[in-house]
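Below is data-v1.txt, which holds compact mmCIF, C-alpha atoms.
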```txt
# COMPACT_ATOMS: atom_id res chain seq x y z
CA MET A 103 -6.75 -17.16 6.74
CA LEU A 104 -3.00 -16.96 7.46
CA GLN A 105 -3.10 -19.13 10.59
CA SER A 106 -2.24 -22.32 8.71
CA ILE A 107 1.11 -20.84 7.59
CA MET A 108 1.80 -18.40 10.43
CA HIS A 109 4.26 -20.84 12.00
CA ILE A 110 6.32 -20.65 8.82
CA LEU A 111 6.09 -16.88 8.46
CA ASN A 112 7.02 -16.22 12.08
CA SER A 113 10.09 -18.45 11.80
CA GLN A 114 11.39 -16.35 8.92
CA ARG A 115 12.81 -12.87 8.50
CA VAL A 116 9.96 -10.76 7.18
CA VAL A 117 10.43 -7.12 6.19
CA LEU A 118 7.80 -4.47 5.52
CA ALA A 119 9.35 -2.08 2.98
CA SER A 120 7.11 0.79 4.01
CA GLY A 121 7.04 3.43 6.71
CA SER A 122 3.24 3.63 6.64
CA PRO A 123 1.83 3.32 10.17
CA ARG A 124 -1.43 2.03 8.69
CA ARG A 125 0.24 -0.90 6.92
CA LYS A 126 2.25 -1.67 10.04
CA GLN A 127 -0.91 -1.69 12.16
CA ILE A 128 -2.84 -3.91 9.74
CA LEU A 129 -0.10 -6.55 9.65
CA GLN A 130 0.50 -6.43 13.40
CA ASN A 131 -3.21 -6.97 14.01
CA VAL A 132 -3.09 -10.40 12.33
CA GLY A 133 -0.11 -11.52 14.39
CA LEU A 134 2.62 -11.26 11.76
CA LYS A 135 6.14 -10.63 13.09
CA PHE A 136 8.21 -8.35 10.89
CA GLU A 137 10.79 -5.56 10.68
CA VAL A 138 9.97 -2.16 9.23
CA ILE A 139 12.61 -1.00 6.73
CA PRO A 140 11.18 1.81 4.60
CA SER A 141 12.25 2.08 0.99
CA THR A 142 14.41 5.01 -0.08
CA PHE A 143 13.13 4.87 -3.67
CA GLU A 144 12.14 8.37 -4.80
CA GLU A 145 8.57 8.25 -6.04
CA LYS A 146 9.04 10.40 -9.13
CA LEU A 147 7.74 8.16 -11.90
CA GLU A 148 6.06 10.14 -14.68
CA LYS A 149 2.36 9.36 -14.38
CA SER A 150 1.61 10.28 -17.99
CA THR A 151 3.79 7.42 -19.27
CA PHE A 152 1.53 4.79 -17.70
CA PRO A 153 -1.66 3.65 -19.45
CA SER A 154 -3.65 3.37 -16.21
CA PRO A 155 -3.38 3.93 -12.43
CA VAL A 156 -2.93 0.17 -11.99
CA GLU A 157 0.30 0.08 -13.98
CA TYR A 158 1.56 3.18 -12.20
CA VAL A 159 0.87 1.96 -8.68
CA LEU A 160 2.30 -1.50 -9.38
CA GLU A 161 5.53 -0.11 -10.82
CA THR A 162 5.95 2.28 -7.90
CA ALA A 163 5.40 -0.58 -5.44
CA ARG A 164 7.83 -2.77 -7.40
CA GLN A 165 10.58 -0.17 -7.39
CA LYS A 166 10.14 0.50 -3.68
CA THR A 167 10.32 -3.20 -2.82
CA ILE A 168 13.26 -3.97 -5.11
CA GLU A 169 15.26 -1.12 -3.55
CA VAL A 170 14.93 -2.73 -0.12
CA GLU A 171 15.69 -6.23 -1.45
CA GLN A 172 18.88 -5.03 -3.14
CA ARG A 173 19.96 -3.13 -0.03
CA LEU A 174 19.48 -6.15 2.25
CA ARG A 175 20.70 -8.82 -0.18
CA GLN A 176 24.19 -8.93 1.32
CA ASP A 177 23.00 -9.27 4.92
CA SER A 178 24.22 -12.40 6.70
CA ALA A 179 20.56 -13.42 6.95
CA PRO A 180 18.71 -11.73 4.05
CA PRO A 181 14.93 -11.47 4.34
CA ASP A 182 12.83 -14.48 3.41
CA LEU A 183 9.89 -12.21 2.58
CA ILE A 184 9.77 -8.51 1.72
CA ILE A 185 6.39 -6.79 1.51
CA GLY A 186 6.06 -3.57 -0.43
CA ALA A 187 3.04 -1.49 -1.38
CA ASP A 188 1.89 1.78 -2.85
CA THR A 189 -1.55 3.40 -2.80
CA VAL A 190 -3.07 6.07 -5.02
CA VAL A 191 -6.51 7.54 -5.58
CA SER A 192 -7.90 8.11 -9.07
CA MET A 193 -10.88 9.98 -10.45
CA ASP A 194 -11.67 11.02 -14.02
CA GLY A 195 -8.36 9.63 -15.22
CA LYS A 196 -6.23 11.65 -12.79
CA ILE A 197 -3.98 10.09 -10.16
CA PHE A 198 -3.89 11.61 -6.68
CA GLU A 199 -1.17 10.82 -4.15
CA LYS A 200 -0.36 12.60 -0.89
CA PRO A 201 -1.19 16.32 -1.05
CA ARG A 202 1.73 18.67 -1.55
CA ASP A 203 0.30 21.23 0.84
CA GLU A 204 -2.98 22.31 2.44
CA GLN A 205 -4.25 23.96 -0.74
CA ASP A 206 -3.62 20.75 -2.67
CA ALA A 207 -5.52 18.80 0.00
CA PHE A 208 -8.41 21.28 -0.24
CA ASP A 209 -8.53 20.96 -4.03
CA MET A 210 -8.53 17.15 -3.83
CA LEU A 211 -11.32 16.93 -1.28
CA SER A 212 -13.38 19.58 -3.07
CA GLY A 213 -13.13 17.54 -6.24
CA PHE A 214 -14.16 14.31 -4.46
CA SER A 215 -17.17 15.97 -2.78
CA GLY A 216 -20.41 14.18 -3.61
CA LYS A 217 -18.66 11.88 -6.10
CA SER A 218 -17.07 8.45 -6.29
CA HIS A 219 -13.37 7.80 -6.79
CA THR A 220 -11.24 4.65 -6.85
CA VAL A 221 -8.44 3.68 -4.48
CA TYR A 222 -5.74 1.47 -5.98
CA THR A 223 -3.09 -0.37 -3.99
CA GLY A 224 -0.27 -2.24 -5.67
CA VAL A 225 1.48 -4.90 -3.58
CA VAL A 226 4.78 -6.60 -4.34
CA LEU A 227 6.07 -9.66 -2.48
CA ILE A 228 9.68 -10.75 -2.85
CA THR A 229 10.57 -14.18 -1.48
CA ARG A 230 13.80 -16.11 -1.60
CA ALA A 231 13.45 -18.96 -4.09
CA VAL A 232 12.99 -22.34 -2.40
CA ASN A 233 15.53 -23.97 -4.70
CA GLY A 234 17.83 -20.94 -4.88
CA SER A 235 21.58 -21.03 -4.55
CA GLY A 236 21.49 -19.67 -1.02
CA ASP A 237 23.48 -16.57 -1.89
CA GLY A 238 20.44 -14.30 -1.69
CA ALA A 239 20.44 -13.66 -5.45
CA SER A 240 17.64 -16.06 -6.31
CA VAL A 241 14.29 -14.47 -5.56
CA ASN A 242 10.67 -14.73 -6.61
CA VAL A 243 8.65 -11.58 -7.25
CA GLN A 244 4.86 -11.54 -7.05
CA GLN A 245 2.70 -8.53 -7.66
CA PHE A 246 -1.00 -7.82 -7.55
CA HIS A 247 -3.36 -4.93 -7.04
CA GLU A 248 -6.70 -4.24 -5.42
CA GLU A 249 -9.19 -1.48 -6.14
CA THR A 250 -12.00 -0.07 -4.02
CA GLU A 251 -14.65 2.49 -4.92
CA VAL A 252 -15.27 5.22 -2.35
CA THR A 253 -18.16 7.68 -2.44
CA MET A 254 -17.72 10.94 -0.56
CA ALA A 255 -20.51 12.88 1.07
CA ALA A 256 -21.19 16.42 -0.12
CA LEU A 257 -18.54 18.54 1.61
CA THR A 258 -18.76 22.27 2.19
CA PRO A 259 -15.61 24.40 2.15
CA LYS A 260 -15.94 24.84 5.92
CA ILE A 261 -16.04 21.08 6.50
CA ILE A 262 -12.99 20.55 4.29
CA GLN A 263 -11.03 23.36 5.93
CA SER A 264 -11.85 22.06 9.40
CA TYR A 265 -10.71 18.58 8.42
CA ILE A 266 -7.45 19.85 6.94
CA ALA A 267 -6.83 21.78 10.18
CA THR A 268 -6.60 18.42 12.01
CA GLY A 269 -3.46 17.64 10.00
CA GLU A 270 -4.74 14.19 9.14
CA PRO A 271 -4.90 14.57 5.33
CA MET A 272 -1.28 15.50 4.73
CA ASP A 273 0.36 12.04 4.70
CA LYS A 274 -2.43 10.14 2.98
CA ALA A 275 -3.15 9.40 -0.66
CA GLY A 276 -6.16 11.41 -1.75
CA GLY A 277 -5.92 13.67 1.29
CA TYR A 278 -8.03 11.68 3.74
CA GLY A 279 -7.75 8.80 6.19
CA ILE A 280 -10.73 6.47 6.30
CA GLN A 281 -9.59 4.82 9.54
CA ALA A 282 -9.86 8.01 11.60
CA ILE A 283 -11.54 11.43 11.34
CA GLY A 284 -11.79 11.09 7.56
CA ALA A 285 -14.33 8.30 8.01
CA THR A 286 -16.93 10.99 8.71
CA LEU A 287 -16.50 12.24 5.13
CA VAL A 288 -17.15 8.86 3.49
CA GLU A 289 -20.67 7.90 2.51
CA LYS A 290 -20.05 4.50 0.91
CA VAL A 291 -17.29 1.96 0.32
CA SER A 292 -17.55 -0.73 -2.36
CA GLY A 293 -14.76 -3.25 -1.95
CA ASP A 294 -11.98 -3.89 0.56
CA TYR A 295 -12.02 -1.33 3.39
CA TYR A 296 -8.41 -2.13 4.31
CA ASN A 297 -7.39 -1.33 0.75
CA VAL A 298 -8.52 2.25 1.37
CA MET A 299 -6.29 2.28 4.46
CA GLY A 300 -3.41 1.29 2.21
CA PHE A 301 -3.15 -2.48 2.36
CA PRO A 302 -5.57 -5.10 0.91
CA LEU A 303 -5.32 -7.63 3.72
CA CYS A 304 -7.55 -10.42 2.38
CA ARG A 305 -5.91 -10.46 -1.05
CA PHE A 306 -2.48 -10.40 0.64
CA ALA A 307 -3.43 -13.45 2.69
CA LYS A 308 -4.66 -15.31 -0.39
CA GLU A 309 -1.43 -14.59 -2.27
CA LEU A 310 0.76 -15.70 0.65
CA LEU A 311 -1.22 -18.93 0.94
CA LYS A 312 -0.43 -19.69 -2.70
CA THR A 313 3.26 -19.18 -2.00
CA TYR A 314 3.63 -20.91 1.35
CA SER A 315 0.98 -23.64 1.51
CA GLN A 316 3.18 -26.06 -0.39
CA THR A 317 5.71 -25.95 2.44
CA SER A 318 3.28 -25.94 5.37
```

Will you turn the file into structure tokens for me?
Amino acid sequence: MLQSIMHILNSQRVVLASGSPRRKQILQNVGLKFEVIPSTFEEKLEKSTFPSPVEYVLETARQKTIEVEQRLRQDSAPPDLIIGADTVVSMDGKIFEKPRDEQDAFDMLSGFSGKSHTVYTGVVLITRAVNGSGDGASVNVQQFHEETEVTMAALTPKIIQSYIATGEPMDKAGGYGIQAIGATLVEKVSGDYYNVMGFPLCRFAKELLKTYSQTS
């Protein structure tokens, strides 16, 4: 879907404001050329102040992306496009991010066992305004989210403990990685698979087409 504008994107400075290896892999797989500059924004927003996981994940993604934009604004060649994202898991009104420790991972996976939960990813795109002043201060900010329902198989404590022992759950929202060993725990996915990995690729492509097609 991005091929019609890839010549534009690959002639620009594109920055991924995330240290996630999954997001990096997804974008590399479609041929996008970009720099990885992780955000230093501390993800400490108070979840209880947000009416839903969507608002929470979008605001976290926005803050992470804005931090990178402000840091790079004074570069001699500031980025033309900055891509930021945040992913959380939610079930029964509770938001789950990366587990704090192995016990937290065990509690998460035990709670998901035999049930469905929702994965939310908020994405923020910051582009330099076409008719901006050229000083890097004029930018456009787009944001959107995607949600995917995931149903877990029934998991025994032994299965969960063995999975945690692999180390895979510790840097992933919800305590599992669907692209690797964690795929064996998942019974059903309704929606964008890549969203569960942490980046809704198809929706991202659609949004970029809206932004760049007028200049292609």

Which neighbours of A:Ile266 fall inside 8 Å, counting only C-alpha atoms, when residues of the same chain fewer than 3 positions from it are skipped, and could you give them as a PDB file with C-alpha atoms, keeping the file's coordinate frame?
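The result, written out as around.pdb:
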```pdb
ATOM      1  CA  GLU A 204      -2.980  22.310   2.440  1.00  0.00           C
ATOM      2  CA  ALA A 207      -5.520  18.800   0.000  1.00  0.00           C
ATOM      3  CA  PHE A 208      -8.410  21.280  -0.240  1.00  0.00           C
ATOM      4  CA  ILE A 262     -12.990  20.550   4.290  1.00  0.00           C
ATOM      5  CA  GLN A 263     -11.030  23.360   5.930  1.00  0.00           C
ATOM      6  CA  GLY A 269      -3.460  17.640  10.000  1.00  0.00           C
ATOM      7  CA  GLU A 270      -4.740  14.190   9.140  1.00  0.00           C
ATOM      8  CA  PRO A 271      -4.900  14.570   5.330  1.00  0.00           C
ATOM      9  CA  MET A 272      -1.280  15.500   4.730  1.00  0.00           C
TER      10      MET A 272
END
```

Write out as a CSV table (one decimal) with C-alpha atoms, keeping the file's coordinate frame each polymer residue whose atoms come within 12 Å of stretch 279-281 of chain A, counting only C-alpha atoms; drop sequence neighbours fewer than 6 positions from it.
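As written to disk, part_7.csv reads:
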```
chain,number,residue,atom,x,y,z
A,123,PRO,CA,1.8,3.3,10.2
A,124,ARG,CA,-1.4,2.0,8.7
A,125,ARG,CA,0.2,-0.9,6.9
A,127,GLN,CA,-0.9,-1.7,12.2
A,128,ILE,CA,-2.8,-3.9,9.7
A,191,VAL,CA,-6.5,7.5,-5.6
A,200,LYS,CA,-0.4,12.6,-0.9
A,207,ALA,CA,-5.5,18.8,0.0
A,211,LEU,CA,-11.3,16.9,-1.3
A,221,VAL,CA,-8.4,3.7,-4.5
A,252,VAL,CA,-15.3,5.2,-2.4
A,253,THR,CA,-18.2,7.7,-2.4
A,254,MET,CA,-17.7,10.9,-0.6
A,265,TYR,CA,-10.7,18.6,8.4
A,266,ILE,CA,-7.4,19.8,6.9
A,268,THR,CA,-6.6,18.4,12.0
A,269,GLY,CA,-3.5,17.6,10.0
A,270,GLU,CA,-4.7,14.2,9.1
A,271,PRO,CA,-4.9,14.6,5.3
A,272,MET,CA,-1.3,15.5,4.7
A,273,ASP,CA,0.4,12.0,4.7
A,287,LEU,CA,-16.5,12.2,5.1
A,288,VAL,CA,-17.2,8.9,3.5
A,289,GLU,CA,-20.7,7.9,2.5
A,290,LYS,CA,-20.0,4.5,0.9
A,291,VAL,CA,-17.3,2.0,0.3
A,294,ASP,CA,-12.0,-3.9,0.6
A,295,TYR,CA,-12.0,-1.3,3.4
A,296,TYR,CA,-8.4,-2.1,4.3
A,297,ASN,CA,-7.4,-1.3,0.8
A,298,VAL,CA,-8.5,2.2,1.4
A,299,MET,CA,-6.3,2.3,4.5
A,300,GLY,CA,-3.4,1.3,2.2
```

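For the pair atom CA of A:Ile185 and atom CA of A:Arg173, the interatomic distance is 14.1 Å.
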
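One finds atom CA of A:Leu134 at 15.9 Å from atom CA of A:Thr313.
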
Write out as a compact mmCIF listing (two decimals) with C-alpha atoms, in the coordinates of the input which residues come within 9 Å of stretch 135-148 of chain A when counting all atoms listed in the file, dropping same-chain ones fewer than 3 positions away.
```txt
# COMPACT_ATOMS: atom_id res chain seq x y z
CA LEU A 111 6.09 -16.88 8.46
CA ASN A 112 7.02 -16.22 12.08
CA SER A 113 10.09 -18.45 11.80
CA GLN A 114 11.39 -16.35 8.92
CA ARG A 115 12.81 -12.87 8.50
CA VAL A 116 9.96 -10.76 7.18
CA VAL A 117 10.43 -7.12 6.19
CA LEU A 118 7.80 -4.47 5.52
CA ALA A 119 9.35 -2.08 2.98
CA SER A 120 7.11 0.79 4.01
CA GLY A 121 7.04 3.43 6.71
CA SER A 122 3.24 3.63 6.64
CA LYS A 126 2.25 -1.67 10.04
CA LEU A 129 -0.10 -6.55 9.65
CA GLN A 130 0.50 -6.43 13.40
CA THR A 151 3.79 7.42 -19.27
CA PHE A 152 1.53 4.79 -17.70
CA TYR A 158 1.56 3.18 -12.20
CA GLU A 161 5.53 -0.11 -10.82
CA THR A 162 5.95 2.28 -7.90
CA GLN A 165 10.58 -0.17 -7.39
CA LYS A 166 10.14 0.50 -3.68
CA THR A 167 10.32 -3.20 -2.82
CA ILE A 168 13.26 -3.97 -5.11
CA GLU A 169 15.26 -1.12 -3.55
CA VAL A 170 14.93 -2.73 -0.12
CA GLY A 186 6.06 -3.57 -0.43
```

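For the pair atom CA of A:Met108 and atom CA of A:Thr189, the interatomic distance is 25.7 Å.
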
So for stretch 126-145 of chain A, what box centre and size do we get, axis-aligned, 4 Å extra on each of the six sides, every listed atom, Å to one decimal, as JSON?
```
{"center_x": 5.6, "center_y": -1.6, "center_z": 4.2, "size_x": 25.6, "size_y": 27.9, "size_z": 28.4}
```

Incomplete stretch 196-208 of chain A brought to N, CA, C and O atoms, written out as a PDB file, in the coordinates of the input:
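So part.pdb came out as:
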```
ATOM      1  N   LYS A 196      -7.340  10.984 -13.468  1.00  0.00           N
ATOM      2  CA  LYS A 196      -6.230  11.650 -12.790  1.00  0.00           C
ATOM      3  C   LYS A 196      -5.821  10.873 -11.553  1.00  0.00           C
ATOM      4  O   LYS A 196      -6.662  10.345 -10.832  1.00  0.00           O
ATOM      5  N   ILE A 197      -4.515  10.796 -11.316  1.00  0.00           N
ATOM      6  CA  ILE A 197      -3.980  10.090 -10.160  1.00  0.00           C
ATOM      7  C   ILE A 197      -3.665  11.084  -9.046  1.00  0.00           C
ATOM      8  O   ILE A 197      -3.013  12.114  -9.267  1.00  0.00           O
ATOM      9  N   PHE A 198      -4.129  10.763  -7.850  1.00  0.00           N
ATOM     10  CA  PHE A 198      -3.890  11.610  -6.680  1.00  0.00           C
ATOM     11  C   PHE A 198      -3.060  10.835  -5.662  1.00  0.00           C
ATOM     12  O   PHE A 198      -3.428   9.731  -5.266  1.00  0.00           O
ATOM     13  N   GLU A 199      -1.969  11.430  -5.208  1.00  0.00           N
ATOM     14  CA  GLU A 199      -1.170  10.820  -4.150  1.00  0.00           C
ATOM     15  C   GLU A 199      -1.320  11.666  -2.884  1.00  0.00           C
ATOM     16  O   GLU A 199      -2.369  12.233  -2.642  1.00  0.00           O
ATOM     17  N   LYS A 200      -0.281  11.758  -2.081  1.00  0.00           N
ATOM     18  CA  LYS A 200      -0.360  12.600  -0.890  1.00  0.00           C
ATOM     19  C   LYS A 200      -0.368  14.068  -1.314  1.00  0.00           C
ATOM     20  O   LYS A 200       0.340  14.450  -2.241  1.00  0.00           O
ATOM     21  N   PRO A 201      -1.161  14.900  -0.668  1.00  0.00           N
ATOM     22  CA  PRO A 201      -1.190  16.320  -1.050  1.00  0.00           C
ATOM     23  C   PRO A 201       0.144  17.003  -0.793  1.00  0.00           C
ATOM     24  O   PRO A 201       0.833  16.709   0.186  1.00  0.00           O
ATOM     25  N   ARG A 202       0.476  17.926  -1.691  1.00  0.00           N
ATOM     26  CA  ARG A 202       1.730  18.670  -1.550  1.00  0.00           C
ATOM     27  C   ARG A 202       1.666  19.654  -0.394  1.00  0.00           C
ATOM     28  O   ARG A 202       2.656  19.922   0.275  1.00  0.00           O
ATOM     29  N   ASP A 203       0.484  20.224  -0.207  1.00  0.00           N
ATOM     30  CA  ASP A 203       0.300  21.230   0.840  1.00  0.00           C
ATOM     31  C   ASP A 203      -1.198  21.300   1.155  1.00  0.00           C
ATOM     32  O   ASP A 203      -2.004  20.540   0.601  1.00  0.00           O
ATOM     33  N   GLU A 204      -1.576  22.214   2.024  1.00  0.00           N
ATOM     34  CA  GLU A 204      -2.980  22.310   2.440  1.00  0.00           C
ATOM     35  C   GLU A 204      -3.898  22.708   1.292  1.00  0.00           C
ATOM     36  O   GLU A 204      -5.037  22.239   1.206  1.00  0.00           O
ATOM     37  N   GLN A 205      -3.420  23.562   0.406  1.00  0.00           N
ATOM     38  CA  GLN A 205      -4.250  23.960  -0.740  1.00  0.00           C
ATOM     39  C   GLN A 205      -4.492  22.762  -1.654  1.00  0.00           C
ATOM     40  O   GLN A 205      -5.607  22.581  -2.171  1.00  0.00           O
ATOM     41  N   ASP A 206      -3.477  21.957  -1.844  1.00  0.00           N
ATOM     42  CA  ASP A 206      -3.620  20.750  -2.670  1.00  0.00           C
ATOM     43  C   ASP A 206      -4.627  19.804  -2.036  1.00  0.00           C
ATOM     44  O   ASP A 206      -5.475  19.210  -2.723  1.00  0.00           O
ATOM     45  N   ALA A 207      -4.567  19.656  -0.717  1.00  0.00           N
ATOM     46  CA  ALA A 207      -5.520  18.800   0.000  1.00  0.00           C
ATOM     47  C   ALA A 207      -6.945  19.348  -0.167  1.00  0.00           C
ATOM     48  O   ALA A 207      -7.904  18.590  -0.394  1.00  0.00           O
ATOM     49  N   PHE A 208      -7.082  20.662  -0.076  1.00  0.00           N
ATOM     50  CA  PHE A 208      -8.410  21.280  -0.240  1.00  0.00           C
ATOM     51  C   PHE A 208      -8.940  21.026  -1.648  1.00  0.00           C
ATOM     52  O   PHE A 208     -10.126  20.697  -1.820  1.00  0.00           O
TER      53      PHE A 208
END
```
